[in-house]
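Structure file query.tsv; described as TSV, C-alpha atoms.
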```tsv
chain	number	residue	atom	x	y	z
A	1	MET	CA	-2.77	48.38	0.00
A	2	ASN	CA	0.19	46.01	0.13
A	3	SER	CA	3.41	46.81	-1.70
A	4	THR	CA	6.61	44.84	-2.12
A	5	VAL	CA	10.05	46.43	-2.40
A	6	THR	CA	12.59	44.43	-4.36
A	7	THR	CA	16.17	45.19	-3.32
A	8	GLY	CA	18.00	42.85	-5.62
A	9	THR	CA	18.39	39.32	-6.83
A	10	GLU	CA	19.06	36.73	-4.15
A	11	THR	CA	22.16	34.60	-4.62
A	12	SER	CA	23.76	31.84	-2.53
A	13	VAL	CA	25.74	34.40	-0.48
A	14	TRP	CA	24.95	37.98	-1.49
A	15	GLY	CA	21.51	39.40	-0.96
A	16	GLY	CA	20.17	42.87	-1.54
A	17	GLY	CA	22.45	43.91	-4.36
A	18	ASN	CA	25.13	43.02	-6.84
A	19	GLN	CA	28.52	41.61	-5.88
A	20	PRO	CA	30.80	44.48	-4.73
A	21	LEU	CA	33.52	45.17	-7.30
A	22	GLY	CA	32.48	42.02	-9.10
A	23	ALA	CA	34.18	39.89	-6.42
A	24	SER	CA	32.69	36.89	-4.67
A	25	TYR	CA	32.01	36.93	-0.94
A	26	GLY	CA	35.06	34.75	-0.23
A	27	LYS	CA	37.48	36.92	-2.20
A	28	MET	CA	36.06	40.09	-0.67
A	29	MET	CA	36.61	38.73	2.85
A	30	MET	CA	40.17	37.72	1.93
A	31	TRP	CA	40.85	41.27	0.76
A	32	PHE	CA	39.45	42.63	4.03
A	33	PHE	CA	41.82	40.37	5.96
A	34	ILE	CA	44.79	41.36	3.79
A	35	VAL	CA	44.14	45.08	4.28
A	36	SER	CA	43.80	44.72	8.06
A	37	ASP	CA	46.91	42.53	8.28
A	38	ALA	CA	48.84	44.99	6.08
A	39	LEU	CA	48.03	47.74	8.60
A	40	THR	CA	49.36	45.52	11.41
A	41	PHE	CA	52.65	44.88	9.62
A	42	SER	CA	52.87	48.57	8.73
A	43	GLY	CA	52.65	49.45	12.43
A	44	PHE	CA	55.41	46.97	13.31
A	45	LEU	CA	57.71	48.20	10.55
A	46	ALA	CA	57.04	51.84	11.41
A	47	ALA	CA	58.02	51.13	15.02
A	48	TYR	CA	61.17	49.38	13.80
A	49	GLY	CA	62.01	52.29	11.53
A	50	PHE	CA	61.56	54.79	14.35
A	51	SER	CA	63.87	52.82	16.67
A	52	ARG	CA	66.34	52.16	13.86
A	53	PHE	CA	66.89	55.82	13.10
A	54	LYS	CA	66.66	56.96	16.71
A	55	PHE	CA	69.65	54.76	17.53
A	56	ILE	CA	71.25	54.91	14.08
A	57	GLU	CA	74.78	55.47	15.46
A	58	THR	CA	74.79	52.20	17.42
A	59	TRP	CA	72.49	49.95	15.36
A	60	PRO	CA	73.97	46.57	14.30
A	61	ILE	CA	75.21	46.34	10.71
A	62	ALA	CA	73.26	43.61	8.88
A	63	ASP	CA	76.27	42.54	6.79
A	64	GLU	CA	78.07	41.65	10.04
A	65	VAL	CA	75.12	39.78	11.57
A	66	PHE	CA	73.64	37.63	8.79
A	67	THR	CA	76.77	36.00	7.41
A	68	HIS	CA	76.03	32.28	7.70
A	69	VAL	CA	75.27	29.67	5.06
A	70	PRO	CA	74.30	26.10	6.08
A	71	PHE	CA	77.11	23.53	5.70
A	72	PHE	CA	79.63	26.25	4.80
A	73	HIS	CA	82.09	27.91	7.14
A	74	GLY	CA	83.11	31.47	6.42
A	75	ASN	CA	81.76	34.95	6.02
A	76	TYR	CA	78.99	35.20	3.41
A	77	PRO	CA	77.03	38.41	4.09
A	78	MET	CA	73.38	38.26	3.01
A	79	ILE	CA	73.89	35.26	0.70
A	80	TYR	CA	71.50	32.91	2.47
A	81	VAL	CA	68.93	35.64	3.10
A	82	ALA	CA	68.97	36.38	-0.63
A	83	PHE	CA	68.42	32.67	-1.31
A	84	MET	CA	65.43	32.60	1.07
A	85	THR	CA	63.95	35.64	-0.64
A	86	PHE	CA	64.43	34.09	-4.09
A	87	VAL	CA	62.70	30.88	-3.01
A	88	LEU	CA	59.70	32.76	-1.60
A	89	ILE	CA	59.35	34.91	-4.73
A	90	MET	CA	59.53	31.82	-6.95
A	91	SER	CA	56.84	30.14	-4.84
A	92	SER	CA	54.66	33.16	-5.58
A	93	VAL	CA	55.30	32.60	-9.29
A	94	THR	CA	54.22	28.95	-9.06
A	95	MET	CA	51.09	30.07	-7.19
A	96	VAL	CA	50.23	32.41	-10.08
A	97	LEU	CA	50.64	29.50	-12.48
A	98	ALA	CA	48.40	27.35	-10.27
A	99	VAL	CA	45.67	30.00	-10.32
A	100	ASP	CA	45.97	30.35	-14.09
A	101	ALA	CA	45.76	26.58	-14.52
A	102	GLY	CA	42.67	26.60	-12.31
A	103	HIS	CA	40.98	29.15	-14.57
A	104	LYS	CA	41.64	26.79	-17.48
A	105	MET	CA	40.35	23.80	-15.43
A	106	LYS	CA	43.67	21.95	-15.74
A	107	LYS	CA	43.61	19.81	-12.63
A	108	ASN	CA	47.02	18.14	-13.01
A	109	ALA	CA	48.77	21.46	-13.63
A	110	VAL	CA	47.16	22.93	-10.50
A	111	ILE	CA	48.37	19.92	-8.49
A	112	TRP	CA	51.99	20.28	-9.59
A	113	TYR	CA	52.17	24.06	-9.29
A	114	MET	CA	50.65	23.99	-5.82
A	115	PHE	CA	53.06	21.24	-4.82
A	116	ALA	CA	55.96	23.46	-5.92
A	117	THR	CA	54.47	26.35	-3.92
A	118	VAL	CA	54.24	24.21	-0.79
A	119	ILE	CA	57.84	23.03	-1.18
A	120	GLY	CA	59.02	26.63	-1.56
A	121	GLY	CA	57.13	27.64	1.58
A	122	ILE	CA	58.60	24.75	3.57
A	123	ILE	CA	62.13	25.66	2.46
A	124	PHE	CA	61.56	29.27	3.48
A	125	VAL	CA	60.13	28.44	6.92
A	126	GLY	CA	62.91	25.90	7.54
A	127	SER	CA	65.52	28.45	6.50
A	128	GLN	CA	64.03	31.04	8.80
A	129	ALA	CA	64.09	28.58	11.70
A	130	TRP	CA	67.75	27.83	10.96
A	131	GLU	CA	68.54	31.53	10.83
A	132	TRP	CA	66.82	32.03	14.19
A	133	GLY	CA	68.87	29.20	15.70
A	134	THR	CA	72.11	30.69	14.38
A	135	PHE	CA	71.18	34.17	15.62
A	136	ILE	CA	70.31	32.82	19.09
A	137	LYS	CA	73.48	30.75	19.34
A	138	GLY	CA	75.76	33.61	18.34
A	139	ASP	CA	79.16	33.76	16.71
A	140	TYR	CA	82.03	35.22	18.63
A	141	GLY	CA	80.57	36.39	21.91
A	142	ALA	CA	80.90	39.86	23.43
A	143	LEU	CA	80.92	41.74	26.73
A	144	GLU	CA	78.11	43.93	27.99
A	145	THR	CA	78.82	47.12	29.95
A	146	LYS	CA	76.97	48.68	32.86
A	147	GLY	CA	75.03	50.87	30.44
A	148	GLY	CA	73.99	47.90	28.29
A	149	ARG	CA	76.52	48.60	25.52
A	150	ILE	CA	78.22	45.76	23.67
A	151	LEU	CA	82.00	45.36	23.37
A	152	GLN	CA	83.26	43.09	20.60
A	153	PHE	CA	86.84	41.97	19.95
A	154	VAL	CA	88.90	42.22	16.76
A	155	ASP	CA	92.41	41.36	15.59
A	156	ALA	CA	94.79	44.31	15.95
A	157	GLY	CA	96.46	43.40	12.65
A	158	ASP	CA	93.16	43.25	10.78
A	159	THR	CA	90.37	45.19	12.49
A	160	GLU	CA	87.83	43.70	10.05
A	161	LYS	CA	88.46	40.27	11.57
A	162	ARG	CA	86.38	39.40	14.63
A	163	VAL	CA	87.91	37.32	17.41
A	164	ALA	CA	85.88	34.85	19.47
A	165	LEU	CA	86.03	35.04	23.25
A	166	SER	CA	87.05	31.40	23.47
A	167	ASP	CA	90.11	32.11	21.28
A	168	PHE	CA	91.86	34.25	23.87
A	169	ALA	CA	90.07	33.73	27.21
A	170	THR	CA	92.31	32.37	29.97
A	171	SER	CA	91.09	29.23	31.66
A	172	ILE	CA	90.51	29.63	35.41
A	173	PRO	CA	89.54	26.16	36.67
A	174	SER	CA	88.73	27.16	40.22
A	175	GLU	CA	86.19	29.73	39.04
A	176	ARG	CA	84.44	27.35	36.68
A	177	THR	CA	84.22	24.44	39.10
A	178	GLU	CA	82.64	26.70	41.70
A	179	HIS	CA	79.58	27.04	39.47
A	180	GLU	CA	78.90	23.38	38.72
A	181	ARG	CA	75.28	22.21	38.66
A	182	LYS	CA	75.90	19.73	41.49
A	183	ASN	CA	76.23	22.64	43.91
A	184	GLY	CA	72.49	23.18	43.66
A	185	ILE	CA	72.97	26.89	44.45
A	186	TRP	CA	73.71	28.76	41.24
A	187	PHE	CA	70.73	27.14	39.56
A	188	TYR	CA	68.39	29.21	41.73
A	189	GLN	CA	70.46	32.32	42.33
A	190	GLU	CA	72.40	32.94	39.11
A	191	PRO	CA	71.72	33.04	35.35
A	192	GLY	CA	72.85	30.24	33.06
A	193	LEU	CA	76.58	29.84	32.59
A	194	THR	CA	78.35	31.07	29.47
A	195	SER	CA	81.20	29.09	27.91
A	196	VAL	CA	83.72	31.52	29.44
A	197	SER	CA	83.46	33.84	32.43
A	198	LEU	CA	84.01	37.59	32.55
A	199	ASN	CA	87.25	37.19	34.54
A	200	GLU	CA	88.57	34.66	32.03
A	201	VAL	CA	87.92	37.08	29.16
A	202	VAL	CA	89.48	40.03	31.01
A	203	GLU	CA	92.62	38.12	31.96
A	204	GLY	CA	92.95	36.68	28.47
A	205	PHE	CA	92.59	40.11	26.90
A	206	LYS	CA	95.26	41.60	29.15
A	207	ALA	CA	97.63	38.78	28.26
A	208	ASN	CA	97.09	39.14	24.50
A	209	PRO	CA	98.26	42.50	23.05
A	210	ASN	CA	97.10	41.60	19.53
A	211	ILE	CA	93.43	42.06	20.36
A	212	LEU	CA	91.44	45.31	20.43
A	213	ILE	CA	87.91	46.26	21.46
A	214	ARG	CA	85.29	47.36	18.96
A	215	THR	CA	82.33	49.37	20.25
A	216	GLU	CA	78.78	49.74	18.94
A	217	LEU	CA	79.38	53.29	17.70
A	218	ILE	CA	79.44	53.64	13.91
A	219	ASN	CA	82.13	56.01	12.61
A	220	GLU	CA	82.08	58.29	9.57
A	221	GLU	CA	83.15	55.41	7.34
A	222	GLY	CA	80.03	53.46	8.27
A	223	LYS	CA	81.96	50.92	10.34
A	224	LYS	CA	82.08	50.13	14.05
A	225	THR	CA	84.64	52.16	16.02
A	226	VAL	CA	87.79	50.25	17.04
A	227	LEU	CA	89.64	51.48	20.14
A	228	ASP	CA	93.40	51.48	20.49
A	229	ARG	CA	95.06	49.23	23.07
A	230	LYS	CA	95.08	51.81	25.86
A	231	ALA	CA	91.46	52.80	25.33
A	232	SER	CA	90.49	49.12	25.06
A	233	LEU	CA	92.00	48.31	28.46
A	234	ALA	CA	90.21	51.29	29.99
A	235	LYS	CA	86.89	50.31	28.40
A	236	LEU	CA	87.24	46.76	29.68
A	237	ALA	CA	86.67	48.03	33.22
A	238	ASP	CA	83.05	48.88	32.31
A	239	ALA	CA	82.19	45.28	31.36
A	240	THR	CA	79.78	43.48	33.67
A	241	GLN	CA	78.98	40.18	31.91
A	242	VAL	CA	79.61	37.89	28.97
A	243	VAL	CA	76.98	37.77	26.23
A	244	GLU	CA	76.79	34.88	23.76
A	245	GLY	CA	74.17	35.01	21.03
A	246	ALA	CA	70.96	36.98	21.08
A	247	ASN	CA	67.67	36.83	22.95
A	248	LEU	CA	65.02	39.29	24.16
A	249	ILE	CA	67.31	40.57	26.94
A	250	HIS	CA	70.87	40.48	25.58
A	251	ASN	CA	72.33	40.71	22.08
A	252	GLU	CA	75.99	40.13	21.27
A	253	TYR	CA	75.58	41.89	17.91
A	254	GLY	CA	74.61	45.25	19.44
A	255	SER	CA	71.38	46.94	20.47
A	256	ARG	CA	68.94	44.61	22.21
A	257	LEU	CA	66.10	46.41	20.40
A	258	PHE	CA	67.42	44.97	17.14
A	259	ALA	CA	67.00	41.43	18.48
A	260	ASP	CA	63.56	42.21	19.92
A	261	PHE	CA	62.27	43.52	16.60
A	262	PHE	CA	63.99	40.73	14.67
A	263	PHE	CA	62.35	37.97	16.69
A	264	PHE	CA	58.95	39.64	16.76
A	265	ILE	CA	58.59	40.80	13.15
A	266	THR	CA	60.30	37.90	11.38
A	267	GLY	CA	58.56	35.50	13.76
A	268	PHE	CA	55.17	37.07	13.00
A	269	HIS	CA	55.85	36.86	9.28
A	270	GLY	CA	57.16	33.30	9.64
A	271	PHE	CA	53.90	32.35	11.38
A	272	HIS	CA	52.00	33.74	8.39
A	273	VAL	CA	54.12	31.71	5.97
A	274	PHE	CA	53.72	28.56	8.09
A	275	SER	CA	49.95	29.09	8.18
A	276	GLY	CA	49.97	29.58	4.42
A	277	VAL	CA	51.86	26.33	3.93
A	278	VAL	CA	49.31	24.43	6.04
A	279	ILE	CA	46.39	26.00	4.16
A	280	ASN	CA	48.03	25.30	0.80
A	281	ILE	CA	48.53	21.67	1.75
A	282	ILE	CA	44.82	21.35	2.61
A	283	ILE	CA	43.78	22.99	-0.67
A	284	TRP	CA	46.30	20.82	-2.54
A	285	PHE	CA	44.70	17.65	-1.17
A	286	ASN	CA	41.26	18.98	-2.12
A	287	VAL	CA	42.51	19.54	-5.66
A	288	ILE	CA	43.81	15.97	-5.80
A	289	LEU	CA	40.46	14.67	-4.54
A	290	GLY	CA	38.67	16.60	-7.29
A	291	THR	CA	36.67	18.84	-4.94
A	292	TYR	CA	37.02	21.96	-7.05
A	293	GLU	CA	36.67	20.05	-10.31
A	294	ARG	CA	33.20	19.00	-9.15
A	295	ARG	CA	32.36	22.58	-8.14
A	296	GLY	CA	33.24	23.73	-11.63
A	297	HIS	CA	35.77	26.36	-10.51
A	298	TYR	CA	39.06	26.75	-8.60
A	299	GLU	CA	38.22	29.97	-6.79
A	300	MET	CA	39.55	28.56	-3.50
A	301	VAL	CA	43.00	28.27	-5.10
A	302	GLU	CA	42.71	31.92	-6.15
A	303	LYS	CA	41.78	33.00	-2.61
A	304	VAL	CA	44.73	31.25	-0.95
A	305	GLY	CA	46.84	32.65	-3.78
A	306	LEU	CA	45.92	36.17	-2.68
A	307	TYR	CA	47.09	35.36	0.85
A	308	TRP	CA	50.33	33.82	-0.41
A	309	HIS	CA	51.14	36.84	-2.56
A	310	PHE	CA	50.47	39.03	0.47
A	311	VAL	CA	53.01	37.24	2.70
A	312	ASP	CA	55.47	37.38	-0.19
A	313	LEU	CA	54.99	41.14	-0.54
A	314	VAL	CA	55.33	41.66	3.22
A	315	TRP	CA	58.65	39.80	3.18
A	316	VAL	CA	59.96	42.23	0.56
A	317	PHE	CA	59.41	45.06	3.06
A	318	VAL	CA	60.80	43.05	6.00
A	319	PHE	CA	63.84	42.12	3.91
A	320	THR	CA	64.36	45.76	2.98
A	321	PHE	CA	64.02	47.08	6.53
A	322	PHE	CA	66.11	44.45	8.32
A	323	TYR	CA	68.71	43.44	5.79
A	324	LEU	CA	69.22	46.26	3.30
A	325	VAL	CA	68.66	49.57	5.10
```
Could the structure of this file be written out as C-alpha cells, please?
Amino acid sequence: MNSTVTTGTETSVWGGGNQPLGASYGKMMMWFFIVSDALTFSGFLAAYGFSRFKFIETWPIADEVFTHVPFFHGNYPMIYVAFMTFVLIMSSVTMVLAVDAGHKMKKNAVIWYMFATVIGGIIFVGSQAWEWGTFIKGDYGALETKGGRILQFVDAGDTEKRVALSDFATSIPSERTEHERKNGIWFYQEPGLTSVSLNEVVEGFKANPNILIRTELINEEGKKTVLDRKASLAKLADATQVVEGANLIHNEYGSRLFADFFFFITGFHGFHVFSGVVINIIIWFNVILGTYERRGHYEMVEKVGLYWHFVDLVWVFVFTFFYLV
C-alpha cells in the first residue's frame, strides 16, 4: 500500500513548511549575517574594553587625540567625529524613508532617498579616511622611552598647550646630512627618518627652559602628568627615539595598543560602510532601471536597509568606546 506524506506547500524558495517568523528567505539570511557579524564586532569591542581598562592609567585621552576639523586650524575636540556620526545616522533615516517608499511602490521617492543614503555613506567613508590620514601623520611629535612609554612636550606657562618638536629642536646639520638617501646605507640598515632627530630634540629641550615633559600617566584630575623642569631633564635620558604620528608599532599619542585597536576596529567598520555604499549604488541603479517595479515589490531595498542600519548601530558602539569612554 502506497502512502504519501505532505510536509507543506512548495514555494519558490521555502519547501517543507511555512516561512520562519513570516520572513522571506532573503531577509532571514540577512538576519543570520547580521547576528554573526554582531558577534564579531562584540568580540573586538570586548577586547578593546579589556585593554582599555587594564591600562586605564596610561590610555590616551580622546579629547586630546581627535581634535582636527578639515580646512580649520585649531583645537576642536570631537567636533568632526560628531559630524561624521550625525551624517551616518541621517543616512539611516533616509534609508528608512526609502524602504517606506518602496512599500508604497513610489519609485521616484525610493530613487531620491537611496541617493541621499549613498551620499551620506560616501561622506562618512571619506571622513574616516581623512581622520586616518591625520592620525597617521600626527600633530606635535613625541619621544619614546626604552620601556615604550611616550613623552610629550608642553609649554611651562600653560601646561594645557602642547609644543611641537619642530618648534624647539636645535638644527644639527652634520647629523642630518649623514643620513641622506644618496648614501645608500641607511635605507637598508635604519628606519625611515623623522623630521627631527633625537639629539636635536634633546639639545633643543635643554636650551629652552620654558618647555616641560608630559608623561602618559593620568593624574587624579583626569589629565596627563606634567613633570617639573628637573624631573623633565632626568626623564629625557630614557628617550630612545622620535615618534611622529601613529602606526601599528609606534604611537605619539600614547599606548600603541590604542592605535592598533583604532586602525583595526574603525577600519573593519569602515570596510562595512564602504561595502554598504557599493551595494546601495547597485540597488539604486536597479531601482532606476525599474527592476523592482517589475517584480512588484522592493524587498531588496529592505534587505540592504537592514544591513545599513546594522553598520549604523555598530558605529554607535564604536563611537562610544573610542571617543566617549
Hey, which of A:Val96, A:Val277, A:Ala116, A:Leu236 ends up closest to Lys146 (chain A)? Count all atoms listed in the file.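 Looking only at the distances to Lys146 (chain A), the closest residue turns out to be A:Leu236.
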Please measure the separation of CA of His250 (chain A) and CA of Tyr48 (chain A), giving the value in Å to one decimal. 17.7 Å
Of the residues A:Met78, A:Met105, A:Val318, A:Asp228, which is the one nearest to Arg295 (chain A), using all atoms listed in the file?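 Of A:Met78, A:Met105, A:Val318, A:Asp228, the one nearest Arg295 (chain A), counting all atoms listed in the file, is A:Met105.
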Which residues are near Ile136 (chain A)? Cut-off 8 Å, all atoms listed in the file, ignore same chain within fewer than 3 positions. Put them as a list in words.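 Contacts, in chain order: Trp132, Gly133, Gly245, Ala246 and Asn247 of chain A.
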Residues within 12 Å of (72.8, 29.8, 15.8), counting all atoms listed in the file, listed as a VMD selection string: chain A and resid 65 to 70 127 to 141 244 to 247
To one decimal in Å, tell me the separation between CA of Leu257 (chain A) and CA of Asp312 (chain A). 24.9 Å
Could you jot down the CA of Phe261 (chain A) to CA of Val278 (chain A) separation for me, Å, one decimal place? 25.4 Å
I need the residue nearest Gly148 (chain A) from this list: A:His269, A:Arg256, A:Lys54, A:Lys27. Use only C-alpha atoms for the distance.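 Checking each of A:His269, A:Arg256, A:Lys54, A:Lys27 against Gly148 (chain A), counting only C-alpha atoms, the winner is A:Arg256.
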Quick one: residues within 12 Å of Phe55 (chain A), only C-alpha atoms, excluding same-chain residues fewer than 3 positions away - as a list in words? Tyr48, Gly49, Phe50, Ser51, Arg52, Thr58, Trp59, Pro60, Glu216, Leu217, Ile218, Gly254, Ser255, Arg256, Leu257 and Phe258 of chain A
With distances taken over only C-alpha atoms, which of A:Asn75, A:Gly121, A:Ile279, A:Ser232 is nearest to Leu88 (chain A)? A:Gly121
Residue contacts of Lys104 (chain A) (10 Å, all atoms listed in the file) excluding same-chain residues fewer than 5 positions away, as a list in words: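 My reading of the contact set: Ala98, Val99, Ala109, Val110, His297 and Tyr298 of chain A.
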Restricting the calculation to all atoms listed in the file: of A:Tyr253, A:Phe168, A:Phe317, A:Phe264, which residue gets closest to Asp63 (chain A)? A:Tyr253
Looking at only C-alpha atoms, which of A:Val316, A:Phe274, A:Tyr113, A:Ser36 is the one that sits closest to Ala101 (chain A)? A:Tyr113
For Ser275 (chain A), list every protein, DNA or RNA residue within 12 Å, evaluated using only C-alpha atoms, and leave out those in the same chain fewer than 5 positions away; present the list as an mmCIF file with C-alpha atoms, in the coordinates of the input.
```
data_model
loop_
_atom_site.group_PDB
_atom_site.id
_atom_site.type_symbol
_atom_site.label_atom_id
_atom_site.label_comp_id
_atom_site.auth_asym_id
_atom_site.auth_seq_id
_atom_site.Cartn_x
_atom_site.Cartn_y
_atom_site.Cartn_z
ATOM 1 C CA VAL A 118 54.240 24.210 -0.790
ATOM 2 C CA GLY A 121 57.130 27.640 1.580
ATOM 3 C CA ILE A 122 58.600 24.750 3.570
ATOM 4 C CA VAL A 125 60.130 28.440 6.920
ATOM 5 C CA PHE A 268 55.170 37.070 13.000
ATOM 6 C CA HIS A 269 55.850 36.860 9.280
ATOM 7 C CA GLY A 270 57.160 33.300 9.640
ATOM 8 C CA ASN A 280 48.030 25.300 0.800
ATOM 9 C CA ILE A 281 48.530 21.670 1.750
ATOM 10 C CA ILE A 282 44.820 21.350 2.610
ATOM 11 C CA VAL A 304 44.730 31.250 -0.950
ATOM 12 C CA TYR A 307 47.090 35.360 0.850
ATOM 13 C CA TRP A 308 50.330 33.820 -0.410
ATOM 14 C CA VAL A 311 53.010 37.240 2.700
#
```
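Surrounding residues of (63.4, 36.9, 19.4) at most 7 Å away are A:Asn247, A:Leu248, A:Ala259, A:Asp260, A:Phe262, A:Phe263, A:Phe264 (based on only C-alpha atoms).
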Would you pick out the contacts of Phe153 (chain A) at 8 Å or less, using only C-alpha atoms, so that residues sharing its chain but fewer than 2 positions from it are not included, and give the list as a ChimeraX atom specification? /A:142,151,155,162-165,211-214
When you get a chance, write out N, CA, C and O atoms for region 108-123 of chain A, as an mmCIF file, keeping the file's coordinate frame.
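Listed below is the output, selection_37.cif:
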```
data_model
loop_
_atom_site.group_PDB
_atom_site.id
_atom_site.type_symbol
_atom_site.label_atom_id
_atom_site.label_comp_id
_atom_site.auth_asym_id
_atom_site.auth_seq_id
_atom_site.Cartn_x
_atom_site.Cartn_y
_atom_site.Cartn_z
ATOM 1 N N ASN A 108 45.659 18.639 -13.240
ATOM 2 C CA ASN A 108 47.020 18.140 -13.010
ATOM 3 C C ASN A 108 48.029 19.277 -12.886
ATOM 4 O O ASN A 108 48.957 19.225 -12.068
ATOM 5 N N ALA A 109 47.862 20.315 -13.702
ATOM 6 C CA ALA A 109 48.770 21.460 -13.630
ATOM 7 C C ALA A 109 48.632 22.169 -12.285
ATOM 8 O O ALA A 109 49.629 22.580 -11.682
ATOM 9 N N VAL A 110 47.392 22.300 -11.814
ATOM 10 C CA VAL A 110 47.160 22.930 -10.500
ATOM 11 C C VAL A 110 47.861 22.123 -9.414
ATOM 12 O O VAL A 110 48.493 22.683 -8.511
ATOM 13 N N ILE A 111 47.748 20.797 -9.500
ATOM 14 C CA ILE A 111 48.370 19.920 -8.490
ATOM 15 C C ILE A 111 49.872 20.151 -8.432
ATOM 16 O O ILE A 111 50.439 20.338 -7.348
ATOM 17 N N TRP A 112 50.533 20.158 -9.569
ATOM 18 C CA TRP A 112 51.990 20.280 -9.590
ATOM 19 C C TRP A 112 52.471 21.679 -9.204
ATOM 20 O O TRP A 112 53.454 21.828 -8.479
ATOM 21 N N TYR A 113 51.763 22.694 -9.653
ATOM 22 C CA TYR A 113 52.170 24.060 -9.290
ATOM 23 C C TYR A 113 51.951 24.331 -7.804
ATOM 24 O O TYR A 113 52.763 25.006 -7.159
ATOM 25 N N MET A 114 50.872 23.806 -7.255
ATOM 26 C CA MET A 114 50.650 23.990 -5.820
ATOM 27 C C MET A 114 51.647 23.193 -4.997
ATOM 28 O O MET A 114 52.086 23.632 -3.924
ATOM 29 N N PHE A 115 52.028 22.040 -5.498
ATOM 30 C CA PHE A 115 53.060 21.240 -4.820
ATOM 31 C C PHE A 115 54.376 22.017 -4.764
ATOM 32 O O PHE A 115 55.043 22.074 -3.722
ATOM 33 N N ALA A 116 54.733 22.653 -5.884
ATOM 34 C CA ALA A 116 55.960 23.460 -5.920
ATOM 35 C C ALA A 116 55.861 24.637 -4.957
ATOM 36 O O ALA A 116 56.847 25.004 -4.301
ATOM 37 N N THR A 117 54.677 25.233 -4.854
ATOM 38 C CA THR A 117 54.470 26.350 -3.920
ATOM 39 C C THR A 117 54.664 25.901 -2.483
ATOM 40 O O THR A 117 55.312 26.591 -1.683
ATOM 41 N N VAL A 118 54.108 24.746 -2.149
ATOM 42 C CA VAL A 118 54.240 24.210 -0.790
ATOM 43 C C VAL A 118 55.706 23.920 -0.459
ATOM 44 O O VAL A 118 56.187 24.258 0.629
ATOM 45 N N ILE A 119 56.423 23.322 -1.397
ATOM 46 C CA ILE A 119 57.840 23.030 -1.180
ATOM 47 C C ILE A 119 58.625 24.322 -0.948
ATOM 48 O O ILE A 119 59.475 24.408 -0.053
ATOM 49 N N GLY A 120 58.344 25.349 -1.747
ATOM 50 C CA GLY A 120 59.020 26.630 -1.560
ATOM 51 C C GLY A 120 58.732 27.226 -0.198
ATOM 52 O O GLY A 120 59.633 27.758 0.469
ATOM 53 N N GLY A 121 57.483 27.125 0.260
ATOM 54 C CA GLY A 121 57.130 27.640 1.580
ATOM 55 C C GLY A 121 57.830 26.885 2.699
ATOM 56 O O GLY A 121 58.297 27.484 3.677
ATOM 57 N N ILE A 122 57.925 25.564 2.560
ATOM 58 C CA ILE A 122 58.600 24.750 3.570
ATOM 59 C C ILE A 122 60.084 25.102 3.642
ATOM 60 O O ILE A 122 60.661 25.217 4.731
ATOM 61 N N ILE A 123 60.715 25.278 2.478
ATOM 62 C CA ILE A 123 62.130 25.660 2.460
ATOM 63 C C ILE A 123 62.327 27.007 3.144
ATOM 64 O O ILE A 123 63.264 27.188 3.938
#
```
